[in-house]
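Text of the file entry.csv, holding CSV, C-alpha atoms:
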```csv
chain,number,residue,atom,x,y,z
A,1,MET,CA,-42.2,-20.2,-128.8
A,2,ARG,CA,-39.2,-22.0,-127.2
A,3,ILE,CA,-36.5,-23.8,-129.2
A,4,THR,CA,-33.8,-25.8,-127.4
A,5,VAL,CA,-30.7,-26.8,-129.4
A,6,THR,CA,-28.0,-29.2,-128.2
A,7,ILE,CA,-24.9,-29.6,-130.3
A,8,ASP,CA,-22.3,-32.1,-129.3
A,9,ASP,CA,-18.7,-31.5,-130.3
A,10,PRO,CA,-19.2,-28.6,-132.7
A,11,THR,CA,-16.3,-27.5,-134.9
A,12,ASP,CA,-14.8,-24.2,-134.0
A,13,ASP,CA,-16.1,-22.7,-137.3
A,14,PHE,CA,-19.6,-23.9,-136.7
A,15,ARG,CA,-19.6,-22.7,-133.1
A,16,ASP,CA,-18.4,-19.2,-134.2
A,17,GLN,CA,-21.0,-19.0,-136.9
A,18,LEU,CA,-23.8,-20.1,-134.5
A,19,LEU,CA,-22.7,-17.6,-131.8
A,20,ALA,CA,-22.6,-14.8,-134.4
A,21,LEU,CA,-26.1,-15.7,-135.5
A,22,LEU,CA,-27.3,-15.7,-131.9
A,23,GLU,CA,-25.6,-12.4,-131.1
A,24,LYS,CA,-27.3,-10.9,-134.2
A,25,HIS,CA,-30.7,-11.9,-132.7
A,26,ALA,CA,-29.7,-11.4,-129.0
A,27,ALA,CA,-32.8,-9.4,-128.2
A,28,HIS,CA,-34.9,-12.5,-128.9
A,29,VAL,CA,-32.6,-15.1,-127.4
A,30,ASP,CA,-32.6,-16.3,-123.8
A,31,VAL,CA,-29.4,-18.1,-122.7
A,32,ASP,CA,-29.8,-20.8,-120.1
A,33,ALA,CA,-27.1,-20.0,-117.6
A,34,THR,CA,-28.5,-22.3,-114.9
A,35,TRP,CA,-26.3,-24.7,-113.1
A,36,THR,CA,-27.7,-28.2,-113.8
A,37,VAL,CA,-26.4,-31.4,-112.3
A,38,GLU,CA,-24.9,-32.3,-115.7
A,39,ARG,CA,-23.0,-28.9,-115.9
A,40,ALA,CA,-21.9,-29.2,-112.2
A,41,LEU,CA,-20.6,-32.8,-112.9
A,42,GLN,CA,-18.6,-31.5,-115.9
A,43,TYR,CA,-17.2,-28.6,-113.8
A,44,TYR,CA,-16.4,-30.9,-110.8
A,45,ARG,CA,-14.7,-33.7,-112.8
A,46,THR,CA,-12.6,-31.2,-114.7
A,47,LEU,CA,-11.2,-29.5,-111.6
A,48,PRO,CA,-7.7,-30.5,-110.2
A,49,ALA,CA,-8.0,-32.7,-107.2
A,50,ARG,CA,-7.4,-30.0,-104.5
A,51,ALA,CA,-9.9,-27.7,-106.1
A,52,ARG,CA,-12.4,-30.6,-106.3
A,53,HIS,CA,-11.8,-31.1,-102.6
A,54,ILE,CA,-12.7,-27.5,-101.9
A,55,VAL,CA,-16.0,-27.8,-103.9
A,56,ARG,CA,-16.9,-31.0,-102.2
A,57,MET,CA,-16.2,-29.6,-98.7
A,58,ALA,CA,-18.3,-26.5,-99.4
A,59,ALA,CA,-21.2,-28.5,-100.7
A,60,ASP,CA,-20.9,-30.9,-97.7
A,61,HIS,CA,-20.9,-27.9,-95.3
A,62,ASP,CA,-24.1,-26.4,-96.6
A,63,GLY,CA,-22.4,-23.9,-98.8
A,64,PHE,CA,-19.4,-22.7,-96.8
A,65,VAL,CA,-16.1,-24.2,-95.8
A,66,ASP,CA,-13.7,-22.4,-93.5
A,67,ASP,CA,-10.1,-22.1,-94.3
A,68,ASP,CA,-9.1,-24.0,-91.1
A,69,ASP,CA,-11.2,-27.1,-92.3
A,70,LEU,CA,-9.3,-27.0,-95.6
A,71,ARG,CA,-5.8,-26.6,-94.0
A,72,THR,CA,-6.0,-29.8,-92.0
A,73,ASP,CA,-2.6,-30.8,-93.4
A,74,GLY,CA,-1.1,-27.3,-92.8
A,75,GLY,CA,-1.1,-26.6,-96.5
A,76,SER,CA,-1.7,-23.4,-98.3
A,77,LEU,CA,-4.8,-22.4,-100.2
A,78,ARG,CA,-2.8,-20.3,-102.6
A,79,GLY,CA,-3.7,-20.8,-106.3
A,80,HIS,CA,-6.9,-22.8,-105.9
A,81,SER,CA,-9.2,-19.9,-106.8
A,82,GLY,CA,-7.4,-19.7,-110.1
A,83,ALA,CA,-8.2,-23.3,-110.9
A,84,LEU,CA,-11.9,-22.8,-110.1
A,85,LYS,CA,-12.0,-19.8,-112.5
A,86,ARG,CA,-10.0,-21.5,-115.3
A,87,VAL,CA,-12.4,-24.4,-115.4
A,88,LEU,CA,-15.4,-22.0,-115.6
A,89,GLU,CA,-13.7,-20.2,-118.5
A,90,ARG,CA,-12.8,-23.5,-120.2
A,91,GLY,CA,-16.4,-24.6,-120.0
A,92,VAL,CA,-17.4,-21.6,-122.1
A,93,ARG,CA,-14.6,-22.3,-124.6
A,94,GLU,CA,-15.5,-26.0,-124.9
A,95,GLY,CA,-19.2,-25.2,-125.2
A,96,TRP,CA,-20.2,-27.0,-121.9
A,97,TRP,CA,-22.1,-23.9,-120.8
A,98,PRO,CA,-22.7,-20.4,-122.0
A,99,ALA,CA,-20.7,-17.3,-121.1
A,100,GLY,CA,-22.1,-15.5,-118.1
A,101,MET,CA,-22.4,-18.5,-115.8
A,102,GLN,CA,-22.4,-17.6,-112.1
A,103,PRO,CA,-19.2,-19.0,-110.5
A,104,PRO,CA,-20.4,-21.9,-108.4
A,105,ILE,CA,-17.9,-21.2,-105.6
A,106,GLN,CA,-15.9,-18.2,-104.6
A,107,ALA,CA,-13.1,-17.5,-102.2
A,108,GLN,CA,-14.0,-15.4,-99.2
A,109,GLY,CA,-11.6,-13.2,-97.3
A,110,PRO,CA,-10.4,-9.7,-96.5
A,111,GLY,CA,-8.7,-9.4,-99.8
A,112,PHE,CA,-5.3,-9.7,-101.5
A,113,GLY,CA,-4.7,-13.4,-101.2
A,114,LYS,CA,-6.0,-14.0,-97.7
A,115,VAL,CA,-8.6,-16.7,-98.0
A,116,LYS,CA,-10.9,-17.3,-95.0
A,117,GLY,CA,-13.0,-19.9,-96.7
A,118,TYR,CA,-15.0,-20.7,-99.8
A,119,SER,CA,-18.7,-20.2,-100.3
A,120,MET,CA,-21.3,-21.7,-102.6
A,121,PRO,CA,-24.7,-20.1,-103.2
A,122,ASP,CA,-27.5,-22.0,-101.3
A,123,GLU,CA,-29.3,-22.9,-104.5
A,124,LEU,CA,-26.3,-24.7,-105.8
A,125,VAL,CA,-25.5,-26.9,-102.8
A,126,GLU,CA,-28.0,-29.7,-103.8
A,127,VAL,CA,-27.0,-29.4,-107.4
A,128,PHE,CA,-23.4,-30.0,-106.6
A,129,LEU,CA,-24.0,-32.7,-104.0
A,130,ASP,CA,-26.0,-34.6,-106.7
A,131,ALA,CA,-23.1,-34.1,-109.2
A,132,ILE,CA,-20.5,-35.2,-106.7
A,133,ASP,CA,-22.6,-38.3,-105.9
A,134,ARG,CA,-22.7,-39.1,-109.6
A,135,HIS,CA,-19.0,-38.6,-110.0
A,136,THR,CA,-18.3,-40.9,-107.0
A,137,GLU,CA,-20.6,-43.6,-108.4
A,138,ARG,CA,-18.8,-43.6,-111.8
A,139,LYS,CA,-15.4,-44.2,-110.2
```
For this file, write the structure as structure tokens.
Amino acid sequence: MRITVTIDDPTDDFRDQLLALLEKHAAHVDVDATWTVERALQYYRTLPARARHIVRMAADHDGFVDDDDLRTDGGSLRGHSGALKRVLERGVREGWWPAGMQPPIQAQGPGFGKVKGYSMPDELVEVFLDAIDRHTERK
């Protein structure tokens, strides 16, 4: 048996009660943590402009964008990973997607602030390209 439930704009109290019920029966509940075009669109349009640019460039470049391609204006990449993470966390709080969603894009580098580029898993490139196309059409 499979039951799919969609709840638009639940109250905080209702969401807490539903999540508690699901947690109680967690052994029998599968959570859909798949990036769909709709989820990718929500993620993309919620990002600040510079972070949105990084996601678009990574998708356009088959899942990886080099830091040099992002620094065409000589600017810094500092702080953009935080925006990508915050929107992912906000999506859980807002009920746009469940906890445990795979980050769709991650900074790559030797560590401690040195970003050499951003990568997106291969299976998400087409999903995000479709979402970006939808976002562009709606403007």
In Å, how far is it from CA of Trp96 (chain A) to CA of Ile7 (chain A)?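 Value for the CA of Trp96 (chain A)-CA of Ile7 (chain A) distance: 10.0 Å.
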From the options A:Ile132, A:Thr4, A:Pro10, A:Met120, which residue's atoms come nearest to Val65 (chain A), counting only C-alpha atoms?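 Once distances to Val65 (chain A) are computed over only C-alpha atoms, the minimum belongs to A:Met120.
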If I take CA of Phe14 (chain A) and CA of Leu84 (chain A), how far is one from the other in Å, to one decimal?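 Separating CA of Phe14 (chain A) from CA of Leu84 (chain A) is a distance of 27.7 Å.
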Pick from A:His53, A:Arg39, A:Arg45, A:Arg134: nearest to Arg71 (chain A), with all atoms listed in the file counted?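 With all atoms listed in the file as the atom set, the closest residue is A:His53.
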Between CA of Leu41 (chain A) and CA of Gly117 (chain A), what is the distance in Å, rounded to a tenth?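 Result for CA of Leu41 (chain A) versus CA of Gly117 (chain A): 22.1 Å, one decimal.
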Excluding Tyr118 (chain A) and residues on its chain fewer than 5 positions from it, collect all residues at most 12 Å away from it, counting only C-alpha atoms, and give them as a short mmCIF file (atom, residue, chain, number, x, y, z; two decimals) with C-alpha atoms, in the frame of the given file.
```
data_model
loop_
_atom_site.label_atom_id
_atom_site.label_comp_id
_atom_site.auth_asym_id
_atom_site.auth_seq_id
_atom_site.Cartn_x
_atom_site.Cartn_y
_atom_site.Cartn_z
CA ALA A 51 -9.90 -27.70 -106.10
CA HIS A 53 -11.80 -31.10 -102.60
CA ILE A 54 -12.70 -27.50 -101.90
CA VAL A 55 -16.00 -27.80 -103.90
CA ARG A 56 -16.90 -31.00 -102.20
CA MET A 57 -16.20 -29.60 -98.70
CA ALA A 58 -18.30 -26.50 -99.40
CA ALA A 59 -21.20 -28.50 -100.70
CA ASP A 60 -20.90 -30.90 -97.70
CA HIS A 61 -20.90 -27.90 -95.30
CA ASP A 62 -24.10 -26.40 -96.60
CA GLY A 63 -22.40 -23.90 -98.80
CA PHE A 64 -19.40 -22.70 -96.80
CA VAL A 65 -16.10 -24.20 -95.80
CA ASP A 66 -13.70 -22.40 -93.50
CA ASP A 67 -10.10 -22.10 -94.30
CA ASP A 68 -9.10 -24.00 -91.10
CA ASP A 69 -11.20 -27.10 -92.30
CA LEU A 70 -9.30 -27.00 -95.60
CA LEU A 77 -4.80 -22.40 -100.20
CA HIS A 80 -6.90 -22.80 -105.90
CA SER A 81 -9.20 -19.90 -106.80
CA LEU A 84 -11.90 -22.80 -110.10
CA PRO A 103 -19.20 -19.00 -110.50
CA PRO A 104 -20.40 -21.90 -108.40
CA ILE A 105 -17.90 -21.20 -105.60
CA GLN A 106 -15.90 -18.20 -104.60
CA ALA A 107 -13.10 -17.50 -102.20
CA GLN A 108 -14.00 -15.40 -99.20
CA GLY A 109 -11.60 -13.20 -97.30
#
```
In terms of the shortest atom-to-atom distance over all atoms listed in the file, which of A:Ala40, A:Ala83, A:Ala99, A:Ala49 is closest to Glu126 (chain A)?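 Using all atoms listed in the file, Glu126 (chain A) sits closest to A:Ala40.
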Could you pull the residues within 12 Å of Arg86 (chain A), counting only C-alpha atoms, minus those fewer than 4 positions along the same chain, as a list of chain:residue names? A:Tyr43, A:Thr46, A:Leu47, A:Pro48, A:Ala51, A:Gly79, A:His80, A:Ser81, A:Gly82, A:Arg90, A:Gly91, A:Val92, A:Arg93, A:Glu94, A:Pro103
